[in-house]
Amino acid sequence: MSKPSIPKGTRDFLPATMVKRNYIFSTIKKSFIKFGFLPIETPCMENTSTLMGKYGEEGDKLIFKILNSGDFLSKVDEQSLSEKNSNGILSQISEKALRYDLTVPFARFVVQNQNEIAFPFKRYQIQPVWRADRPQKGRYREFYQCDADVVGSDALIYEVELVQLFDEVLSNLGIKDFTIKINNRKILSGIAEITGMSDKIIDITVAIDKLDKIGAEGVIKELREKEIPDSAIDKIKPLFELKGNNSEIIEVMKRMLSNSEMGMKGIEELEYVFEKINLLGLENAILEFDVTLARGLNYYTGAIFEVKANNVSIGSICGGGRYDDLTGIFGLKGISGVGISFGADRIYDVVEELQLFPSFSSETTQLLLINFGEDENKSLQILNQFRKSNINTELYPTDAKLKKQMSYADAKNIPYVLFLGEEELKSGSFNMKNMVSGEQTQMNIIEIIEKLKP
RNA sequence: GUGGUUGUAGCUCAGCUGGUUAGAGCACCGGGUUGUGGUUCCGGGGGUCGUGGGUUCGAACCCCAUCAUCCACCCCA
């Protein structure tokens, strides 16, 4: 018999891990609620057609497709089947797929439920997503995203708000040193425009995004491979040497993009965000204009965000941006949206690496009642009494040997045990042992409740 | 999808140049102890050495294939 296992890139979570994961989720959720976002959920699977084509060519490959039920092959047309054409038969054998992110399903949700929601609609959503990627450090095939998006308004105050949200959540998790990188797709469009390569904007942005990784030489090499002429590359080159603080870089970009209306609009939007953030201040985050930031999905049209924890070996932990026409794909035009996503699993890895998790001892059992096989009714009543006083309590199920019962308390880190022996049950005075100090005291039920009450 | 790494007990790993019955620590179970855990002592269960083939008198060890794993690239949270 083969050992049981789980699919590549997926994980089991033990109780000790879940307690910490829940802490991250609840910290994020608390801030989402504070900023006025409302919860929604969508199904883990969507129609394949809803997802395909929304994430670029690479994205399509990374979507998990779900096979149709029944004898699906018999319905495939002979020709595609004999040609062994995977893409050709895909739509015939799979009409459902696991969601790849929360944004596209949300766009679908907005279009479908447009008459039942009030715009601007601020929603948050904390659910798992699946990607058929090769797993590696900090990369899983099943992971949680925690999204907050606003649709139905193009007001820039939301960009400001989302920067504050990044700052608040990560600060509340105890992370002190992190950078929120911000850019604007209109600036990237402006760059493509002044080089006369507007149609190559994706190739250009993907290449310059890699600047800090492969260096100027590498970027130039990649641009050439994408058939960007040297004359255009020369115009892009100044980006590789940008230095200074945010406002200095903005000034340089203003000069560079002065002939691009689109580019100047992007600068203007960016300046607004900086101005308001300067007014309001940030707790721990460093907000940094990064012209090379281009990651993200093809649908961003305005602001682009990415958050990186400094001095940890984990990639970006949050992302986001504005997408003017996301719902347009599903038939609802003119609805602008802006949103961000917290990668809970990576944030977990960061908080773990930085040893920032608090202790969660109060969330586990506080008191174990040691079972001597005496008056069971009385024992159950005592158990009830503790629970009604909000003390996390359990009764050992059998009168097993003391060693076994105490070991159980030990394994679960239960700080107190109470001996429900014959004498105690009769007299009402119980022997309670502190499992940390080893100290034992005689107390009645009322006194114990008083002592352990949260 | 591309390149590399590693597969030995539930977990972490040792195992010499190919040599007889494959080991340790931790974990688990039982006992020393029928009202005292974590410390300690004694004992126990547990392995098709990832899988299939090849070389050899003989393979955990060498060769080939395959699967899995982790790391990196692409891309991304």
# chains A, B, ... in the order shown; residues from 1 in each chain; ligands from 1
>>> closest_atom_pairs(of="chain A", to="chain B", cutoff="6 Å", atoms="only C-alpha atoms (C1' of nucleotides)", output="tab-separated table")
residue	atom	partner	partner_atom	distance
A:Ile317	CA	B:A77	C1'	5.7
A:Gly343	CA	B:A77	C1'	4.4
A:Met406	CA	B:G37	C1'	4.4
A:Ser407	CA	B:G37	C1'	5.0
>>> write_last_selection(atoms="N, CA, C and O atoms", output="CSV table (one decimal), in the first residue's frame")
chain,number,residue,atom,x,y,z
A,317,ILE,N,4.4,40.4,-0.9
A,317,ILE,CA,3.4,39.8,0.0
A,317,ILE,C,2.0,40.4,-0.3
A,317,ILE,O,1.0,39.8,0.2
A,343,GLY,N,-1.4,38.5,0.5
A,343,GLY,CA,-1.1,37.1,0.3
A,343,GLY,C,-0.9,36.5,1.7
A,343,GLY,O,0.2,36.5,2.2
A,406,MET,N,-2.3,13.2,32.6
A,406,MET,CA,-1.5,14.3,32.8
A,406,MET,C,-0.6,14.6,31.5
A,406,MET,O,-0.4,15.7,31.1
A,407,SER,N,-0.2,13.5,30.9
A,407,SER,CA,0.6,13.7,29.7
A,407,SER,C,-0.3,14.3,28.6
A,407,SER,O,0.3,15.1,27.8
>>> select_by_dssp(residues="stretch 37-221 of chain A", states="strand (DSSP E or B)", output="ChimeraX atom specification")
/A:38-39,45-47,65-66,96-98,121-130,136,139,142-151,178-184
>>> write_last_selection(atoms="N, CA, C and O atoms", output="short mmCIF file (atom, residue, chain, number, x, y, z; two decimals), in the first residue's frame")
data_model
loop_
_atom_site.label_atom_id
_atom_site.label_comp_id
_atom_site.auth_asym_id
_atom_site.auth_seq_id
_atom_site.Cartn_x
_atom_site.Cartn_y
_atom_site.Cartn_z
N LEU A 38 -17.26 45.39 2.94
CA LEU A 38 -18.25 44.38 3.32
C LEU A 38 -17.85 43.02 2.75
O LEU A 38 -17.28 42.95 1.66
N PRO A 39 -18.20 41.95 3.46
CA PRO A 39 -17.75 40.62 3.03
C PRO A 39 -18.62 40.03 1.91
O PRO A 39 -19.83 40.23 1.91
N MET A 45 -15.21 27.31 -7.75
CA MET A 45 -15.05 27.11 -9.20
C MET A 45 -15.92 28.09 -9.98
O MET A 45 -16.98 28.51 -9.51
N GLU A 46 -15.42 28.44 -11.13
CA GLU A 46 -16.13 29.34 -12.03
C GLU A 46 -16.27 28.60 -13.36
O GLU A 46 -15.62 27.58 -13.58
N ASN A 47 -17.10 29.14 -14.24
CA ASN A 47 -17.10 28.59 -15.59
C ASN A 47 -15.72 28.83 -16.20
O ASN A 47 -15.16 29.92 -16.04
N LYS A 65 -8.20 23.19 -14.52
CA LYS A 65 -9.49 22.92 -15.16
C LYS A 65 -10.11 21.69 -14.52
O LYS A 65 -9.40 20.74 -14.18
N ILE A 66 -11.39 21.69 -14.42
CA ILE A 66 -12.12 20.56 -13.83
C ILE A 66 -12.80 19.78 -14.94
O ILE A 66 -13.49 20.35 -15.78
N LYS A 96 -15.75 23.84 -16.17
CA LYS A 96 -15.54 24.50 -14.90
C LYS A 96 -14.04 24.55 -14.59
O LYS A 96 -13.28 23.72 -15.06
N ALA A 97 -13.64 25.56 -13.80
CA ALA A 97 -12.23 25.67 -13.42
C ALA A 97 -12.14 26.28 -12.03
O ALA A 97 -13.04 27.00 -11.60
N LEU A 98 -11.06 25.95 -11.31
CA LEU A 98 -10.85 26.55 -9.99
C LEU A 98 -10.42 28.00 -10.17
O LEU A 98 -9.63 28.31 -11.06
N PHE A 121 -19.08 50.28 -4.41
CA PHE A 121 -19.18 49.05 -3.63
C PHE A 121 -17.81 48.67 -3.09
O PHE A 121 -16.87 48.45 -3.85
N LYS A 122 -17.72 48.61 -1.77
CA LYS A 122 -16.45 48.23 -1.14
C LYS A 122 -16.63 46.83 -0.58
O LYS A 122 -17.39 46.63 0.35
N ARG A 123 -15.92 45.88 -1.17
CA ARG A 123 -16.07 44.52 -0.67
C ARG A 123 -14.72 43.93 -0.26
O ARG A 123 -13.69 44.26 -0.81
N TYR A 124 -14.79 43.05 0.75
CA TYR A 124 -13.60 42.26 1.04
C TYR A 124 -13.94 40.79 0.89
O TYR A 124 -15.10 40.39 0.96
N GLN A 125 -12.92 40.00 0.63
CA GLN A 125 -13.12 38.58 0.33
C GLN A 125 -11.86 37.84 0.73
O GLN A 125 -10.76 38.18 0.29
N ILE A 126 -12.02 36.85 1.59
CA ILE A 126 -10.88 36.06 2.06
C ILE A 126 -11.15 34.61 1.73
O ILE A 126 -11.94 33.95 2.39
N GLN A 127 -10.53 34.12 0.66
CA GLN A 127 -10.79 32.76 0.20
C GLN A 127 -9.56 32.20 -0.50
O GLN A 127 -8.70 32.96 -0.96
N PRO A 128 -9.51 30.88 -0.61
CA PRO A 128 -8.35 30.30 -1.30
C PRO A 128 -8.46 30.44 -2.81
O PRO A 128 -9.56 30.53 -3.35
N VAL A 129 -7.31 30.46 -3.47
CA VAL A 129 -7.24 30.44 -4.93
C VAL A 129 -6.25 29.34 -5.32
O VAL A 129 -5.48 28.88 -4.48
N TRP A 130 -6.30 28.92 -6.56
CA TRP A 130 -5.47 27.79 -7.00
C TRP A 130 -4.72 28.12 -8.28
O TRP A 130 -5.29 28.71 -9.20
N GLN A 136 7.47 26.29 -5.12
CA GLN A 136 8.82 26.53 -4.61
C GLN A 136 8.66 27.40 -3.36
O GLN A 136 7.55 27.56 -2.87
N ARG A 139 5.79 29.75 -2.63
CA ARG A 139 4.83 29.61 -3.73
C ARG A 139 4.08 28.30 -3.58
O ARG A 139 4.68 27.24 -3.53
N GLU A 142 -2.17 26.06 -3.72
CA GLU A 142 -3.40 26.49 -3.08
C GLU A 142 -3.01 27.51 -2.02
O GLU A 142 -2.20 27.19 -1.15
N PHE A 143 -3.53 28.70 -2.12
CA PHE A 143 -3.19 29.70 -1.12
C PHE A 143 -4.34 30.69 -0.98
O PHE A 143 -5.23 30.76 -1.83
N TYR A 144 -4.31 31.42 0.13
CA TYR A 144 -5.39 32.36 0.41
C TYR A 144 -5.04 33.75 -0.06
O TYR A 144 -3.91 34.21 0.13
N GLN A 145 -6.01 34.40 -0.66
CA GLN A 145 -5.88 35.82 -0.91
C GLN A 145 -6.90 36.54 -0.05
O GLN A 145 -7.99 36.03 0.20
N CYS A 146 -6.52 37.73 0.40
CA CYS A 146 -7.41 38.55 1.19
C CYS A 146 -7.55 39.86 0.44
O CYS A 146 -6.64 40.69 0.47
N ASP A 147 -8.65 40.00 -0.27
CA ASP A 147 -8.81 41.13 -1.18
C ASP A 147 -9.74 42.18 -0.63
O ASP A 147 -10.76 41.87 -0.02
N ALA A 148 -9.39 43.44 -0.89
CA ALA A 148 -10.30 44.55 -0.64
C ALA A 148 -10.35 45.36 -1.92
O ALA A 148 -9.30 45.80 -2.42
N ASP A 149 -11.52 45.52 -2.48
CA ASP A 149 -11.67 46.28 -3.72
C ASP A 149 -12.83 47.27 -3.59
O ASP A 149 -13.78 47.04 -2.86
N VAL A 150 -12.72 48.38 -4.34
CA VAL A 150 -13.82 49.31 -4.46
C VAL A 150 -14.17 49.40 -5.93
O VAL A 150 -13.29 49.65 -6.76
N VAL A 151 -15.41 49.19 -6.28
CA VAL A 151 -15.82 49.39 -7.67
C VAL A 151 -16.90 50.45 -7.74
O VAL A 151 -17.68 50.63 -6.80
N PHE A 178 8.82 47.53 5.85
CA PHE A 178 8.28 47.08 4.56
C PHE A 178 8.06 48.27 3.64
O PHE A 178 7.91 49.41 4.09
N THR A 179 8.09 47.98 2.35
CA THR A 179 8.00 49.03 1.35
C THR A 179 6.77 48.82 0.49
O THR A 179 6.54 47.71 -0.01
N ILE A 180 5.96 49.88 0.37
CA ILE A 180 4.85 49.83 -0.58
C ILE A 180 5.34 50.51 -1.85
O ILE A 180 5.64 51.70 -1.85
N LYS A 181 5.48 49.73 -2.88
CA LYS A 181 5.90 50.30 -4.16
C LYS A 181 4.67 50.71 -4.93
O LYS A 181 3.69 49.98 -4.97
N ILE A 182 4.74 51.88 -5.52
CA ILE A 182 3.60 52.36 -6.29
C ILE A 182 4.07 52.85 -7.64
O ILE A 182 5.17 53.41 -7.78
N ASN A 183 3.27 52.59 -8.64
CA ASN A 183 3.53 53.09 -9.98
C ASN A 183 2.18 53.34 -10.62
O ASN A 183 1.14 53.17 -9.97
N ASN A 184 2.18 53.76 -11.86
CA ASN A 184 0.91 54.02 -12.52
C ASN A 184 1.01 53.55 -13.96
O ASN A 184 1.96 53.87 -14.68
#
>>> select_by_dssp(residues="stretch 100-154 of chain A", states="helix (DSSP H, G or I)", output="number ranges by chain")
A: 103-112, 114-116
>>> atom_distance(atom1="atom CA of A:Ser336", atom2="atom CA of A:Arg322")
7.5 Å
>>> atom_distance(atom1="atom CA of A:Arg21", atom2="atom CA of A:Asn284")
22.2 Å
>>> closest_residue(among="B:A59, B:C29, B:C11, B:A22", to="B:G45", atoms="only C-alpha atoms (C1' of nucleotides)")
B:C29
>>> residues_around(residues="stretch 234-241 of chain A", least_positions_apart="4", cutoff="9 Å", atoms="only C-alpha atoms (C1' of nucleotides)", output="list in words")
Ile191, Ala192, Ile194, Thr195, Ile208, Leu211, Gly215, Ala216, Ile220, Pro229, Asp230, Met253, Met256, Val291 and Thr292 of chain A
>>> write_last_selection(atoms="N, CA and C atoms", output="PDB file, in the first residue's frame")
ATOM      1  N   ILE A 191       5.534  56.076 -21.332  1.00  0.00           N
ATOM      2  CA  ILE A 191       6.884  55.686 -21.746  1.00  0.00           C
ATOM      3  C   ILE A 191       6.834  54.987 -23.103  1.00  0.00           C
ATOM      4  N   ALA A 192       5.876  54.065 -23.229  1.00  0.00           N
ATOM      5  CA  ALA A 192       5.723  53.364 -24.503  1.00  0.00           C
ATOM      6  C   ALA A 192       5.389  54.363 -25.613  1.00  0.00           C
ATOM      7  N   ILE A 194       6.129  57.707 -25.832  1.00  0.00           N
ATOM      8  CA  ILE A 194       7.226  58.576 -26.278  1.00  0.00           C
ATOM      9  C   ILE A 194       8.292  57.805 -27.035  1.00  0.00           C
ATOM     10  N   THR A 195       8.332  56.478 -26.853  1.00  0.00           N
ATOM     11  CA  THR A 195       9.278  55.705 -27.638  1.00  0.00           C
ATOM     12  C   THR A 195       8.655  55.263 -28.958  1.00  0.00           C
ATOM     13  N   ILE A 208      11.232  45.929 -18.226  1.00  0.00           N
ATOM     14  CA  ILE A 208      11.840  46.868 -17.267  1.00  0.00           C
ATOM     15  C   ILE A 208      11.494  46.500 -15.826  1.00  0.00           C
ATOM     16  N   LEU A 211      14.372  44.989 -13.884  1.00  0.00           N
ATOM     17  CA  LEU A 211      15.610  45.763 -13.752  1.00  0.00           C
ATOM     18  C   LEU A 211      16.439  45.365 -12.541  1.00  0.00           C
ATOM     19  N   GLY A 215      19.351  43.525 -14.080  1.00  0.00           N
ATOM     20  CA  GLY A 215      20.191  44.668 -14.403  1.00  0.00           C
ATOM     21  C   GLY A 215      19.868  45.283 -15.752  1.00  0.00           C
ATOM     22  N   ALA A 216      20.460  46.458 -15.986  1.00  0.00           N
ATOM     23  CA  ALA A 216      20.183  47.207 -17.208  1.00  0.00           C
ATOM     24  C   ALA A 216      20.524  46.386 -18.452  1.00  0.00           C
ATOM     25  N   ILE A 220      17.947  45.349 -21.482  1.00  0.00           N
ATOM     26  CA  ILE A 220      18.187  45.732 -22.883  1.00  0.00           C
ATOM     27  C   ILE A 220      18.176  44.495 -23.773  1.00  0.00           C
ATOM     28  N   PRO A 229      13.231  48.378 -31.272  1.00  0.00           N
ATOM     29  CA  PRO A 229      14.401  48.984 -31.934  1.00  0.00           C
ATOM     30  C   PRO A 229      15.290  49.752 -30.961  1.00  0.00           C
ATOM     31  N   ASP A 230      16.575  49.831 -31.292  1.00  0.00           N
ATOM     32  CA  ASP A 230      17.538  50.520 -30.421  1.00  0.00           C
ATOM     33  C   ASP A 230      17.161  51.973 -30.175  1.00  0.00           C
ATOM     34  N   MET A 253      10.665  62.296 -14.285  1.00  0.00           N
ATOM     35  CA  MET A 253       9.661  61.653 -15.138  1.00  0.00           C
ATOM     36  C   MET A 253       8.775  62.690 -15.827  1.00  0.00           C
ATOM     37  N   MET A 256      10.596  63.826 -18.781  1.00  0.00           N
ATOM     38  CA  MET A 256      10.659  62.770 -19.781  1.00  0.00           C
ATOM     39  C   MET A 256       9.322  62.605 -20.508  1.00  0.00           C
ATOM     40  N   VAL A 291       9.262  53.285 -10.944  1.00  0.00           N
ATOM     41  CA  VAL A 291       8.831  53.296 -12.352  1.00  0.00           C
ATOM     42  C   VAL A 291       8.919  51.912 -12.972  1.00  0.00           C
ATOM     43  N   THR A 292       9.781  51.063 -12.408  1.00  0.00           N
ATOM     44  CA  THR A 292       9.954  49.754 -13.032  1.00  0.00           C
ATOM     45  C   THR A 292       8.881  48.772 -12.581  1.00  0.00           C
TER      46      THR A 292
END
>>> residues_around(residues="A:Ile228", least_positions_apart="5", cutoff="10 Å", atoms="only C-alpha atoms (C1' of nucleotides)", output="JSON, numbers by chain")
{"A": [195, 197, 200, 203, 204, 220, 221, 222, 223, 233]}
>>> residues_around(residues="B:A60", least_positions_apart="3", cutoff="9 Å", atoms="only C-alpha atoms (C1' of nucleotides)", output="PyMOL selection string")
chain B and resi 8+15+22+49
>>> write_last_selection(atoms="C-alpha atoms (C1' of nucleotides)", output="mmCIF file, in the first residue's frame")
data_model
loop_
_atom_site.group_PDB
_atom_site.id
_atom_site.type_symbol
_atom_site.label_atom_id
_atom_site.label_comp_id
_atom_site.auth_asym_id
_atom_site.auth_seq_id
_atom_site.Cartn_x
_atom_site.Cartn_y
_atom_site.Cartn_z
ATOM 1 C "C1'" U B 8 16.669 5.041 3.961
ATOM 2 C "C1'" G B 15 25.046 3.909 6.807
ATOM 3 C "C1'" A B 22 20.038 -1.629 7.718
ATOM 4 C "C1'" C B 49 16.183 1.507 1.478
#
>>> atom_distance(atom1="atom CA of A:Asn392", atom2="atom CA of A:Leu367")
6.5 Å
>>> residues_around(residues="A:Ile314", least_positions_apart="2", cutoff="9 Å", atoms="only C-alpha atoms (C1' of nucleotides)", output="JSON, numbers by chain")
{"A": [137, 138, 308, 309, 310, 311, 312, 316, 317, 346, 347, 349, 350]}
